[in-house]
Amino acid sequence: PGGDEVNNILIEIKDGTGILTIHRPHALNALNRQTLEELKMALVELRSNEQVQVIIITGSGDKAFVAGADIREMEGMTPEEAKRFALLGDEVFTMVETTDKPVIAAVNGFALGGGCELALACDIRYAAEHARFGQPEVGLGITPGFGGTQRLPRLVGKGLGLELLLSGGTIPAEEAWRIGLVNKVVPYVLEEAEKLAQCICTKSPFAVKQTKQLVVHGLNMDMARALRFEAEGFGLCFSSGEQKEGMKAFGEKRVPSFK
Ligand code: HXC
């Protein structure tokens, strides 16, 4: 299948929300190197765009979010090339995880292998009712390589994580919700993600950024250090005009205007 060499990531900016759509419909939005490079560029662009406060990642069409890394591209890789491919995905997904804007995954269908791993790197996951999740890598003779062996057990626990990783089985959205892999299962997943993004956009941008940083980086620290880190972030809020506006508005019984 040709015609997909470039433009595999669509960017739409709407009311403070940047929507990134993985767009390789003929391959169920599978991630090849080109698409990962484009995703990286798109993240750099949205990160520095001051109009964008929240990022949503979704897949093109209604069948797949991302059906994995591109199996056809991986098939002929040498061990060295495969490792570089894993490191490229890690770099891009770590950008998703650590960018100071909240990132919501709107999982609109299959999220398998690298697709499940992409969703795991996001801050919040909403799933369509027909979405399915899994790490089928062991059936292909490989392990996950974009963070699945780490982020999945950290999110759902070691036992449930290993069951998915070792069986290669897939689970429906309801089950993913039951085990805490997704926050919510909804009929119209992009709309619901946009609603959440809209809600976040009404809050103090400074406080939102700080909060994400505190959670994402604090989770990698021991508790004592993480709590000090939190106190620093809390203190910093008082150097922003947004704390003054937020608290003033409370006293005046009006909605704060954070611009
Ligand atoms: C390349 C893919 C693909 C993938 C689907 N396609 N997934 N191409 N890589 N991961 C292509 C199919 O080859 C097919 O192309 C088209 O998309 C439609 O898919 P079908 O299989 O015909 O659809 P369907 O029968 O409905 O089955 C849907 C499916 C199945 C269950 C999602 O496509 C599937 O099992 N896909 C692979 C899922 C997977 O194993 N993912 C993990 C990959 S490993 P043609 O041209 O034939 O029409 C991974 C590693 C990450 O992600 C870490 C790397 C470092």
# chains A, B, ... in the order shown; residues from 1 in each chain; ligands from 1
call {"tool": "select_by_dssp", "arguments": {"residues": "stretch 15-227 of chain A", "states": "helix (DSSP H, G or I)", "output": "mmCIF file with N, CA and C atoms, in the first residue's frame"}}
result
data_model
loop_
_atom_site.group_PDB
_atom_site.id
_atom_site.type_symbol
_atom_site.label_atom_id
_atom_site.label_comp_id
_atom_site.auth_asym_id
_atom_site.auth_seq_id
_atom_site.Cartn_x
_atom_site.Cartn_y
_atom_site.Cartn_z
ATOM 1 N N PRO A 25 -4.917 4.658 7.844
ATOM 2 C CA PRO A 25 -6.093 3.793 7.934
ATOM 3 C C PRO A 25 -5.904 2.414 7.282
ATOM 4 N N HIS A 26 -5.136 2.341 6.204
ATOM 5 C CA HIS A 26 -5.014 1.036 5.530
ATOM 6 C C HIS A 26 -4.251 0.030 6.377
ATOM 7 N N ALA A 27 -3.493 0.504 7.378
ATOM 8 C CA ALA A 27 -2.748 -0.408 8.260
ATOM 9 C C ALA A 27 -3.268 -0.293 9.693
ATOM 10 N N ARG A 33 8.319 3.867 11.493
ATOM 11 C CA ARG A 33 9.295 4.893 11.922
ATOM 12 C C ARG A 33 8.842 6.289 11.514
ATOM 13 N N GLN A 34 8.382 6.396 10.256
ATOM 14 C CA GLN A 34 7.955 7.690 9.742
ATOM 15 C C GLN A 34 6.861 8.300 10.631
ATOM 16 N N THR A 35 5.896 7.482 11.007
ATOM 17 C CA THR A 35 4.784 7.989 11.826
ATOM 18 C C THR A 35 5.271 8.423 13.205
ATOM 19 N N LEU A 36 6.207 7.660 13.776
ATOM 20 C CA LEU A 36 6.767 8.063 15.080
ATOM 21 C C LEU A 36 7.513 9.390 14.964
ATOM 22 N N GLU A 37 8.270 9.562 13.865
ATOM 23 C CA GLU A 37 8.989 10.828 13.659
ATOM 24 C C GLU A 37 7.991 11.982 13.530
ATOM 25 N N GLU A 38 6.902 11.727 12.798
ATOM 26 C CA GLU A 38 5.893 12.781 12.630
ATOM 27 C C GLU A 38 5.198 13.086 13.957
ATOM 28 N N LEU A 39 4.969 12.044 14.752
ATOM 29 C CA LEU A 39 4.333 12.257 16.055
ATOM 30 C C LEU A 39 5.241 13.120 16.926
ATOM 31 N N LYS A 40 6.528 12.841 16.843
ATOM 32 C CA LYS A 40 7.495 13.637 17.612
ATOM 33 C C LYS A 40 7.426 15.110 17.192
ATOM 34 N N MET A 41 7.428 15.354 15.881
ATOM 35 C CA MET A 41 7.378 16.744 15.397
ATOM 36 C C MET A 41 6.077 17.419 15.824
ATOM 37 N N ALA A 42 4.990 16.679 15.757
ATOM 38 C CA ALA A 42 3.685 17.244 16.122
ATOM 39 C C ALA A 42 3.666 17.607 17.613
ATOM 40 N N LEU A 43 4.294 16.763 18.437
ATOM 41 C CA LEU A 43 4.335 17.051 19.876
ATOM 42 C C LEU A 43 5.176 18.288 20.157
ATOM 43 N N VAL A 44 6.288 18.417 19.445
ATOM 44 C CA VAL A 44 7.137 19.603 19.609
ATOM 45 C C VAL A 44 6.321 20.845 19.263
ATOM 46 N N GLU A 45 5.561 20.732 18.188
ATOM 47 C CA GLU A 45 4.754 21.870 17.727
ATOM 48 C C GLU A 45 3.677 22.235 18.762
ATOM 49 N N LEU A 46 2.955 21.253 19.245
ATOM 50 C CA LEU A 46 1.873 21.546 20.201
ATOM 51 C C LEU A 46 2.408 22.000 21.556
ATOM 52 N N ARG A 47 3.573 21.455 21.918
ATOM 53 C CA ARG A 47 4.175 21.821 23.197
ATOM 54 C C ARG A 47 4.475 23.319 23.238
ATOM 55 N N SER A 48 4.945 23.872 22.104
ATOM 56 C CA SER A 48 5.341 25.282 22.117
ATOM 57 C C SER A 48 4.206 26.209 21.672
ATOM 58 N N ILE A 71 4.090 -4.196 11.729
ATOM 59 C CA ILE A 71 4.698 -5.531 11.684
ATOM 60 C C ILE A 71 5.481 -5.712 10.373
ATOM 61 N N ARG A 72 4.943 -5.161 9.284
ATOM 62 C CA ARG A 72 5.654 -5.313 7.999
ATOM 63 C C ARG A 72 7.015 -4.631 8.049
ATOM 64 N N GLU A 73 7.069 -3.460 8.684
ATOM 65 C CA GLU A 73 8.347 -2.753 8.750
ATOM 66 C C GLU A 73 9.319 -3.465 9.701
ATOM 67 N N MET A 74 8.779 -4.053 10.763
ATOM 68 C CA MET A 74 9.667 -4.697 11.753
ATOM 69 C C MET A 74 10.217 -6.025 11.256
ATOM 70 N N GLU A 75 9.471 -6.650 10.333
ATOM 71 C CA GLU A 75 9.775 -8.038 9.959
ATOM 72 C C GLU A 75 11.243 -8.261 9.602
ATOM 73 N N PRO A 79 18.746 -7.052 14.861
ATOM 74 C CA PRO A 79 18.621 -6.748 16.294
ATOM 75 C C PRO A 79 18.952 -5.286 16.598
ATOM 76 N N GLU A 80 19.984 -4.758 15.977
ATOM 77 C CA GLU A 80 20.378 -3.373 16.217
ATOM 78 C C GLU A 80 19.287 -2.397 15.759
ATOM 79 N N GLU A 81 18.744 -2.658 14.558
ATOM 80 C CA GLU A 81 17.662 -1.791 14.052
ATOM 81 C C GLU A 81 16.437 -1.868 14.951
ATOM 82 N N ALA A 82 16.129 -3.069 15.441
ATOM 83 C CA ALA A 82 14.956 -3.242 16.306
ATOM 84 C C ALA A 82 15.136 -2.449 17.606
ATOM 85 N N LYS A 83 16.347 -2.483 18.138
ATOM 86 C CA LYS A 83 16.611 -1.738 19.372
ATOM 87 C C LYS A 83 16.456 -0.231 19.123
ATOM 88 N N ARG A 84 16.986 0.211 17.982
ATOM 89 C CA ARG A 84 16.854 1.648 17.676
ATOM 90 C C ARG A 84 15.388 2.042 17.512
ATOM 91 N N PHE A 85 14.611 1.127 16.919
ATOM 92 C CA PHE A 85 13.172 1.377 16.740
ATOM 93 C C PHE A 85 12.498 1.507 18.113
ATOM 94 N N ALA A 86 12.858 0.615 19.027
ATOM 95 C CA ALA A 86 12.283 0.678 20.382
ATOM 96 C C ALA A 86 12.667 1.998 21.056
ATOM 97 N N LEU A 87 13.914 2.392 20.880
ATOM 98 C CA LEU A 87 14.371 3.633 21.533
ATOM 99 C C LEU A 87 13.685 4.861 20.932
ATOM 100 N N LEU A 88 13.406 4.813 19.633
ATOM 101 C CA LEU A 88 12.684 5.927 19.005
ATOM 102 C C LEU A 88 11.280 6.034 19.614
ATOM 103 N N GLY A 89 10.587 4.904 19.706
ATOM 104 C CA GLY A 89 9.252 4.913 20.310
ATOM 105 C C GLY A 89 9.301 5.396 21.757
ATOM 106 N N ASP A 90 10.302 4.916 22.496
ATOM 107 C CA ASP A 90 10.447 5.339 23.896
ATOM 108 C C ASP A 90 10.604 6.845 24.000
ATOM 109 N N GLU A 91 11.428 7.382 23.119
ATOM 110 C CA GLU A 91 11.683 8.824 23.154
ATOM 111 C C GLU A 91 10.375 9.586 22.926
ATOM 112 N N VAL A 92 9.622 9.162 21.921
ATOM 113 C CA VAL A 92 8.392 9.878 21.576
ATOM 114 C C VAL A 92 7.342 9.707 22.684
ATOM 115 N N PHE A 93 7.206 8.480 23.199
ATOM 116 C CA PHE A 93 6.186 8.234 24.224
ATOM 117 C C PHE A 93 6.566 8.931 25.539
ATOM 118 N N THR A 94 7.869 9.031 25.807
ATOM 119 C CA THR A 94 8.288 9.749 27.011
ATOM 120 C C THR A 94 7.986 11.240 26.864
ATOM 121 N N MET A 95 8.052 11.741 25.633
ATOM 122 C CA MET A 95 7.632 13.137 25.404
ATOM 123 C C MET A 95 6.146 13.295 25.741
ATOM 124 N N VAL A 96 5.345 12.318 25.323
ATOM 125 C CA VAL A 96 3.906 12.355 25.629
ATOM 126 C C VAL A 96 3.717 12.400 27.146
ATOM 127 N N GLU A 97 4.453 11.533 27.829
ATOM 128 C CA GLU A 97 4.296 11.398 29.281
ATOM 129 C C GLU A 97 4.764 12.634 30.034
ATOM 130 N N THR A 98 5.845 13.265 29.563
ATOM 131 C CA THR A 98 6.451 14.332 30.367
ATOM 132 C C THR A 98 6.134 15.747 29.877
ATOM 133 N N GLY A 114 2.070 -1.676 20.427
ATOM 134 C CA GLY A 114 2.499 -0.278 20.499
ATOM 135 C C GLY A 114 1.337 0.691 20.668
ATOM 136 N N GLY A 115 0.141 0.302 20.268
ATOM 137 C CA GLY A 115 -1.047 1.159 20.430
ATOM 138 C C GLY A 115 -1.475 1.219 21.882
ATOM 139 N N CYS A 116 -1.426 0.061 22.548
ATOM 140 C CA CYS A 116 -1.735 0.022 23.982
ATOM 141 C C CYS A 116 -0.655 0.812 24.724
ATOM 142 N N GLU A 117 0.586 0.658 24.269
ATOM 143 C CA GLU A 117 1.698 1.368 24.916
ATOM 144 C C GLU A 117 1.580 2.884 24.746
ATOM 145 N N LEU A 118 1.086 3.315 23.596
ATOM 146 C CA LEU A 118 0.881 4.758 23.389
ATOM 147 C C LEU A 118 -0.198 5.263 24.355
ATOM 148 N N ALA A 119 -1.281 4.514 24.466
ATOM 149 C CA ALA A 119 -2.348 4.912 25.391
ATOM 150 C C ALA A 119 -1.811 4.974 26.822
ATOM 151 N N LEU A 120 -0.948 4.005 27.167
ATOM 152 C CA LEU A 120 -0.384 3.964 28.529
ATOM 153 C C LEU A 120 0.496 5.169 28.831
ATOM 154 N N ALA A 121 1.124 5.730 27.803
ATOM 155 C CA ALA A 121 2.000 6.887 28.011
ATOM 156 C C ALA A 121 1.192 8.174 28.214
ATOM 157 N N PRO A 136 -0.080 -8.206 22.238
ATOM 158 C CA PRO A 136 0.040 -9.511 21.570
ATOM 159 C C PRO A 136 1.459 -9.882 21.146
ATOM 160 N N GLU A 137 2.452 -9.101 21.563
ATOM 161 C CA GLU A 137 3.826 -9.286 21.073
ATOM 162 C C GLU A 137 4.349 -10.714 21.182
ATOM 163 N N VAL A 138 4.113 -11.376 22.340
ATOM 164 C CA VAL A 138 4.705 -12.721 22.517
ATOM 165 C C VAL A 138 4.267 -13.675 21.403
ATOM 166 N N GLY A 139 3.113 -13.433 20.822
ATOM 167 C CA GLY A 139 2.661 -14.269 19.702
ATOM 168 C C GLY A 139 3.418 -13.997 18.419
ATOM 169 N N LEU A 140 4.151 -12.894 18.385
ATOM 170 C CA LEU A 140 4.950 -12.548 17.206
ATOM 171 C C LEU A 140 6.434 -12.850 17.450
ATOM 172 N N GLY A 148 5.654 -1.078 27.350
ATOM 173 C CA GLY A 148 4.536 -1.897 27.851
ATOM 174 C C GLY A 148 4.882 -2.755 29.050
ATOM 175 N N THR A 149 6.125 -3.293 29.086
ATOM 176 C CA THR A 149 6.473 -4.155 30.233
ATOM 177 C C THR A 149 6.615 -3.327 31.509
ATOM 178 N N GLN A 150 6.715 -2.022 31.380
ATOM 179 C CA GLN A 150 6.886 -1.164 32.551
ATOM 180 C C GLN A 150 5.610 -0.395 32.912
ATOM 181 N N ARG A 151 5.023 0.272 31.924
ATOM 182 C CA ARG A 151 3.859 1.112 32.266
ATOM 183 C C ARG A 151 2.613 0.280 32.550
ATOM 184 N N LEU A 152 2.445 -0.850 31.874
ATOM 185 C CA LEU A 152 1.225 -1.643 32.116
ATOM 186 C C LEU A 152 1.183 -2.207 33.539
ATOM 187 N N PRO A 153 2.222 -2.930 34.004
ATOM 188 C CA PRO A 153 2.161 -3.415 35.401
ATOM 189 C C PRO A 153 2.153 -2.293 36.434
ATOM 190 N N ARG A 154 2.757 -1.162 36.111
ATOM 191 C CA ARG A 154 2.692 -0.040 37.073
ATOM 192 C C ARG A 154 1.258 0.488 37.171
ATOM 193 N N LEU A 155 0.504 0.392 36.099
ATOM 194 C CA LEU A 155 -0.868 0.916 36.104
ATOM 195 C C LEU A 155 -1.873 -0.088 36.669
ATOM 196 N N VAL A 156 -1.814 -1.337 36.219
ATOM 197 C CA VAL A 156 -2.860 -2.302 36.615
ATOM 198 C C VAL A 156 -2.366 -3.295 37.658
ATOM 199 N N LYS A 158 1.126 -5.936 38.945
ATOM 200 C CA LYS A 158 2.019 -6.915 38.313
ATOM 201 C C LYS A 158 1.266 -8.140 37.790
ATOM 202 N N GLY A 159 0.331 -8.637 38.599
ATOM 203 C CA GLY A 159 -0.354 -9.876 38.213
ATOM 204 C C GLY A 159 -1.195 -9.714 36.959
ATOM 205 N N LEU A 160 -2.048 -8.699 36.948
ATOM 206 C CA LEU A 160 -2.900 -8.478 35.775
ATOM 207 C C LEU A 160 -2.061 -8.057 34.578
ATOM 208 N N GLY A 161 -1.020 -7.258 34.839
ATOM 209 C CA GLY A 161 -0.143 -6.823 33.757
ATOM 210 C C GLY A 161 0.541 -8.014 33.113
ATOM 211 N N LEU A 162 1.115 -8.879 33.943
ATOM 212 C CA LEU A 162 1.806 -10.046 33.394
ATOM 213 C C LEU A 162 0.843 -10.987 32.679
ATOM 214 N N GLU A 163 -0.396 -11.071 33.158
ATOM 215 C CA GLU A 163 -1.353 -11.946 32.473
ATOM 216 C C GLU A 163 -1.563 -11.472 31.036
ATOM 217 N N LEU A 164 -1.738 -10.168 30.886
ATOM 218 C CA LEU A 164 -1.923 -9.629 29.527
ATOM 219 C C LEU A 164 -0.638 -9.796 28.701
ATOM 220 N N LEU A 165 0.494 -9.498 29.315
ATOM 221 C CA LEU A 165 1.768 -9.542 28.589
ATOM 222 C C LEU A 165 2.151 -10.963 28.187
ATOM 223 N N LEU A 166 1.870 -11.946 29.054
ATOM 224 C CA LEU A 166 2.312 -13.319 28.783
ATOM 225 C C LEU A 166 1.331 -14.093 27.921
ATOM 226 N N SER A 167 0.034 -13.771 28.037
ATOM 227 C CA SER A 167 -0.966 -14.513 27.252
ATOM 228 C C SER A 167 -1.088 -13.938 25.849
ATOM 229 N N ALA A 173 -13.147 -3.124 26.223
ATOM 230 C CA ALA A 173 -13.078 -1.864 26.959
ATOM 231 C C ALA A 173 -13.612 -1.993 28.394
ATOM 232 N N GLU A 174 -14.734 -2.695 28.558
ATOM 233 C CA GLU A 174 -15.329 -2.831 29.898
ATOM 234 C C GLU A 174 -14.355 -3.456 30.886
ATOM 235 N N GLU A 175 -13.657 -4.499 30.386
ATOM 236 C CA GLU A 175 -12.670 -5.193 31.230
ATOM 237 C C GLU A 175 -11.489 -4.253 31.512
ATOM 238 N N ALA A 176 -11.089 -3.496 30.493
ATOM 239 C CA ALA A 176 -9.981 -2.537 30.670
ATOM 240 C C ALA A 176 -10.364 -1.520 31.743
ATOM 241 N N TRP A 177 -11.632 -1.148 31.779
ATOM 242 C CA TRP A 177 -12.112 -0.206 32.791
ATOM 243 C C TRP A 177 -12.074 -0.851 34.177
ATOM 244 N N ARG A 178 -12.526 -2.114 34.236
ATOM 245 C CA ARG A 178 -12.589 -2.818 35.519
ATOM 246 C C ARG A 178 -11.214 -2.915 36.168
ATOM 247 N N VAL A 189 -16.210 8.650 22.028
ATOM 248 C CA VAL A 189 -15.010 8.829 22.836
ATOM 249 C C VAL A 189 -14.294 10.161 22.575
ATOM 250 N N LEU A 190 -14.267 10.584 21.324
ATOM 251 C CA LEU A 190 -13.557 11.850 21.053
ATOM 252 C C LEU A 190 -14.310 13.028 21.679
ATOM 253 N N GLU A 191 -15.642 13.014 21.554
ATOM 254 C CA GLU A 191 -16.469 14.078 22.138
ATOM 255 C C GLU A 191 -16.248 14.145 23.652
ATOM 256 N N GLU A 192 -16.216 12.975 24.276
ATOM 257 C CA GLU A 192 -16.054 12.925 25.730
ATOM 258 C C GLU A 192 -14.660 13.433 26.133
ATOM 259 N N ALA A 193 -13.662 13.076 25.338
ATOM 260 C CA ALA A 193 -12.302 13.556 25.624
ATOM 261 C C ALA A 193 -12.244 15.069 25.441
ATOM 262 N N GLU A 194 -12.934 15.574 24.427
ATOM 263 C CA GLU A 194 -12.951 17.026 24.203
ATOM 264 C C GLU A 194 -13.636 17.745 25.361
ATOM 265 N N LYS A 195 -14.686 17.136 25.898
ATOM 266 C CA LYS A 195 -15.374 17.747 27.050
ATOM 267 C C LYS A 195 -14.426 17.861 28.241
ATOM 268 N N LEU A 196 -13.691 16.801 28.488
ATOM 269 C CA LEU A 196 -12.732 16.831 29.600
ATOM 270 C C LEU A 196 -11.667 17.896 29.337
ATOM 271 N N ALA A 197 -11.191 17.950 28.086
ATOM 272 C CA ALA A 197 -10.176 18.954 27.735
ATOM 273 C C ALA A 197 -10.730 20.356 27.974
ATOM 274 N N GLN A 198 -11.989 20.580 27.598
ATOM 275 C CA GLN A 198 -12.630 21.880 27.804
ATOM 276 C C GLN A 198 -12.675 22.238 29.280
ATOM 277 N N CYS A 199 -12.998 21.265 30.089
ATOM 278 C CA CYS A 199 -13.055 21.481 31.538
ATOM 279 C C CYS A 199 -11.674 21.890 32.047
ATOM 280 N N ILE A 200 -10.635 21.159 31.611
ATOM 281 C CA ILE A 200 -9.277 21.473 32.074
ATOM 282 C C ILE A 200 -8.871 22.876 31.614
ATOM 283 N N CYS A 201 -9.318 23.253 30.407
ATOM 284 C CA CYS A 201 -8.958 24.571 29.849
ATOM 285 C C CYS A 201 -9.532 25.738 30.653
ATOM 286 N N PRO A 205 -3.979 27.587 33.931
ATOM 287 C CA PRO A 205 -2.977 26.873 33.134
ATOM 288 C C PRO A 205 -1.710 26.570 33.940
ATOM 289 N N PHE A 206 -1.313 27.511 34.782
ATOM 290 C CA PHE A 206 -0.104 27.309 35.583
ATOM 291 C C PHE A 206 -0.294 26.142 36.551
ATOM 292 N N ALA A 207 -1.440 26.139 37.230
ATOM 293 C CA ALA A 207 -1.702 25.077 38.202
ATOM 294 C C ALA A 207 -1.842 23.722 37.512
ATOM 295 N N VAL A 208 -2.439 23.722 36.332
ATOM 296 C CA VAL A 208 -2.605 22.461 35.583
ATOM 297 C C VAL A 208 -1.236 21.893 35.219
ATOM 298 N N LYS A 209 -0.362 22.748 34.695
ATOM 299 C CA LYS A 209 0.983 22.296 34.320
ATOM 300 C C LYS A 209 1.742 21.779 35.522
ATOM 301 N N GLN A 210 1.683 22.530 36.629
ATOM 302 C CA GLN A 210 2.380 22.121 37.851
ATOM 303 C C GLN A 210 1.874 20.766 38.325
ATOM 304 N N THR A 211 0.544 20.609 38.298
ATOM 305 C CA THR A 211 -0.048 19.368 38.821
ATOM 306 C C THR A 211 0.434 18.160 38.033
ATOM 307 N N LYS A 212 0.432 18.289 36.692
ATOM 308 C CA LYS A 212 0.912 17.150 35.898
ATOM 309 C C LYS A 212 2.369 16.839 36.225
ATOM 310 N N GLN A 213 3.204 17.866 36.320
ATOM 311 C CA GLN A 213 4.619 17.651 36.627
ATOM 312 C C GLN A 213 4.798 16.975 37.984
ATOM 313 N N LEU A 214 4.005 17.431 38.968
ATOM 314 C CA LEU A 214 4.125 16.852 40.310
ATOM 315 C C LEU A 214 3.793 15.369 40.302
ATOM 316 N N VAL A 215 2.745 15.011 39.575
ATOM 317 C CA VAL A 215 2.350 13.595 39.538
ATOM 318 C C VAL A 215 3.372 12.777 38.743
ATOM 319 N N VAL A 216 3.676 13.217 37.530
ATOM 320 C CA VAL A 216 4.523 12.405 36.649
ATOM 321 C C VAL A 216 5.926 12.241 37.224
ATOM 322 N N HIS A 217 6.523 13.331 37.694
ATOM 323 C CA HIS A 217 7.889 13.219 38.223
ATOM 324 C C HIS A 217 7.884 12.718 39.667
ATOM 325 N N GLY A 218 6.866 13.138 40.429
ATOM 326 C CA GLY A 218 6.796 12.707 41.829
ATOM 327 C C GLY A 218 6.654 11.195 41.968
ATOM 328 N N MET A 223 8.739 8.906 48.696
ATOM 329 C CA MET A 223 7.643 9.732 49.210
ATOM 330 C C MET A 223 8.133 11.039 49.823
ATOM 331 N N ALA A 224 9.205 10.973 50.625
ATOM 332 C CA ALA A 224 9.664 12.185 51.316
ATOM 333 C C ALA A 224 10.082 13.245 50.294
ATOM 334 N N ARG A 225 10.822 12.804 49.272
ATOM 335 C CA ARG A 225 11.287 13.747 48.268
ATOM 336 C C ARG A 225 10.114 14.270 47.431
ATOM 337 N N ALA A 226 9.194 13.361 47.117
ATOM 338 C CA ALA A 226 8.031 13.742 46.304
ATOM 339 C C ALA A 226 7.186 14.786 47.035
ATOM 340 N N LEU A 227 7.074 14.648 48.345
ATOM 341 C CA LEU A 227 6.279 15.612 49.102
ATOM 342 C C LEU A 227 6.962 16.982 49.149
#
call {"tool": "residues_around", "arguments": {"residues": "A:Gly241", "least_positions_apart": "3", "cutoff": "10 Å", "atoms": "only C-alpha atoms", "output": "ChimeraX atom specification"}}
result
/A:204,206,237-238,244-246,258
call {"tool": "atom_distance", "arguments": {"atom1": "atom CA of A:Ala106", "atom2": "atom CA of A:Ile124"}}
result
8.7 Å
call {"tool": "residues_around", "arguments": {"residues": "A:Ile9", "least_positions_apart": "2", "cutoff": "6 Å", "atoms": "only C-alpha atoms", "output": "PyMOL selection string"}}
result
chain A and resi 7+21-23
call {"tool": "atom_distance", "arguments": {"atom1": "atom CA of A:Ala128", "atom2": "atom CA of A:Leu219"}}
result
28.1 Å
call {"tool": "closest_residue", "arguments": {"among": "A:Gly235, A:Gly251, A:Gly180, A:Pro144", "to": "ligand 1", "atoms": "only C-alpha atoms and all ligand atoms"}}
result
A:Pro144
call {"tool": "select_by_dssp", "arguments": {"residues": "stretch 83-231 of chain A", "states": "strand (DSSP E)", "output": "PyMOL selection string"}}
result
chain A and resi 103-107+110-112+124-128+132-134+170-172+184-186
call {"tool": "residues_around", "arguments": {"residues": "A:Asn108", "least_positions_apart": "4", "cutoff": "7 Å", "atoms": "only C-alpha atoms", "output": "ChimeraX atom specification"}}
result
/A:58-59,62-65,127-128,131,189
call {"tool": "closest_residue", "arguments": {"among": "A:Met77, A:Val52, A:Val6, A:Val186", "to": "ligand 1", "atoms": "only C-alpha atoms and all ligand atoms"}}
result
A:Met77
call {"tool": "atom_distance", "arguments": {"atom1": "atom 37 (C, counted along the ligand's line) of ligand 1", "atom2": "atom CA of A:Ala30"}}
result
8.3 Å
call {"tool": "closest_residue", "arguments": {"among": "A:Leu28, A:Lys101, A:Gln243, A:Ala69", "to": "A:Glu50", "atoms": "only C-alpha atoms"}}
result
A:Lys101
call {"tool": "decode", "arguments": {"residues": "stretch 97-102 of chain A", "atoms": "all heavy atoms", "output": "PDB file, in the first residue's frame"}}
result
ATOM      1  N   GLU A  97       4.453  11.533  27.829  1.00  0.00           N
ATOM      2  CA  GLU A  97       4.296  11.398  29.281  1.00  0.00           C
ATOM      3  C   GLU A  97       4.764  12.634  30.034  1.00  0.00           C
ATOM      4  O   GLU A  97       4.165  13.019  31.039  1.00  0.00           O
ATOM      5  CB  GLU A  97       5.102  10.173  29.736  1.00  0.00           C
ATOM      6  CG  GLU A  97       4.960   9.822  31.186  1.00  0.00           C
ATOM      7  CD  GLU A  97       5.658   8.499  31.482  1.00  0.00           C
ATOM      8  OE1 GLU A  97       6.886   8.409  31.283  1.00  0.00           O
ATOM      9  OE2 GLU A  97       4.970   7.553  31.879  1.00  0.00           O
ATOM     10  N   THR A  98       5.845  13.265  29.563  1.00  0.00           N
ATOM     11  CA  THR A  98       6.451  14.332  30.367  1.00  0.00           C
ATOM     12  C   THR A  98       6.134  15.747  29.877  1.00  0.00           C
ATOM     13  O   THR A  98       6.492  16.699  30.560  1.00  0.00           O
ATOM     14  CB  THR A  98       7.994  14.175  30.425  1.00  0.00           C
ATOM     15  OG1 THR A  98       8.492  14.192  29.092  1.00  0.00           O
ATOM     16  CG2 THR A  98       8.391  12.883  31.109  1.00  0.00           C
ATOM     17  N   THR A  99       5.496  15.881  28.710  1.00  0.00           N
ATOM     18  CA  THR A  99       5.158  17.225  28.260  1.00  0.00           C
ATOM     19  C   THR A  99       4.263  17.867  29.316  1.00  0.00           C
ATOM     20  O   THR A  99       3.466  17.182  29.965  1.00  0.00           O
ATOM     21  CB  THR A  99       4.481  17.205  26.872  1.00  0.00           C
ATOM     22  OG1 THR A  99       4.252  18.553  26.477  1.00  0.00           O
ATOM     23  CG2 THR A  99       3.152  16.492  26.889  1.00  0.00           C
ATOM     24  N   ASP A 100       4.446  19.184  29.550  1.00  0.00           N
ATOM     25  CA  ASP A 100       3.725  19.746  30.704  1.00  0.00           C
ATOM     26  C   ASP A 100       2.237  19.990  30.434  1.00  0.00           C
ATOM     27  O   ASP A 100       1.508  20.397  31.333  1.00  0.00           O
ATOM     28  CB  ASP A 100       4.440  20.985  31.264  1.00  0.00           C
ATOM     29  CG  ASP A 100       4.538  22.104  30.243  1.00  0.00           C
ATOM     30  OD1 ASP A 100       3.941  21.980  29.152  1.00  0.00           O
ATOM     31  OD2 ASP A 100       5.221  23.105  30.548  1.00  0.00           O
ATOM     32  N   LYS A 101       1.765  19.668  29.220  1.00  0.00           N
ATOM     33  CA  LYS A 101       0.319  19.776  28.972  1.00  0.00           C
ATOM     34  C   LYS A 101      -0.324  18.400  29.147  1.00  0.00           C
ATOM     35  O   LYS A 101       0.268  17.401  28.742  1.00  0.00           O
ATOM     36  CB  LYS A 101       0.077  20.282  27.545  1.00  0.00           C
ATOM     37  CG  LYS A 101       0.774  21.624  27.327  1.00  0.00           C
ATOM     38  CD  LYS A 101       0.617  22.205  25.947  1.00  0.00           C
ATOM     39  CE  LYS A 101       1.459  23.482  25.889  1.00  0.00           C
ATOM     40  NZ  LYS A 101       1.317  24.235  24.653  1.00  0.00           N
ATOM     41  N   PRO A 102      -1.515  18.348  29.740  1.00  0.00           N
ATOM     42  CA  PRO A 102      -2.177  17.049  29.890  1.00  0.00           C
ATOM     43  C   PRO A 102      -2.430  16.405  28.525  1.00  0.00           C
ATOM     44  O   PRO A 102      -2.771  17.104  27.562  1.00  0.00           O
ATOM     45  CB  PRO A 102      -3.506  17.408  30.552  1.00  0.00           C
ATOM     46  CG  PRO A 102      -3.298  18.733  31.187  1.00  0.00           C
ATOM     47  CD  PRO A 102      -2.294  19.446  30.331  1.00  0.00           C
TER      48      PRO A 102
END
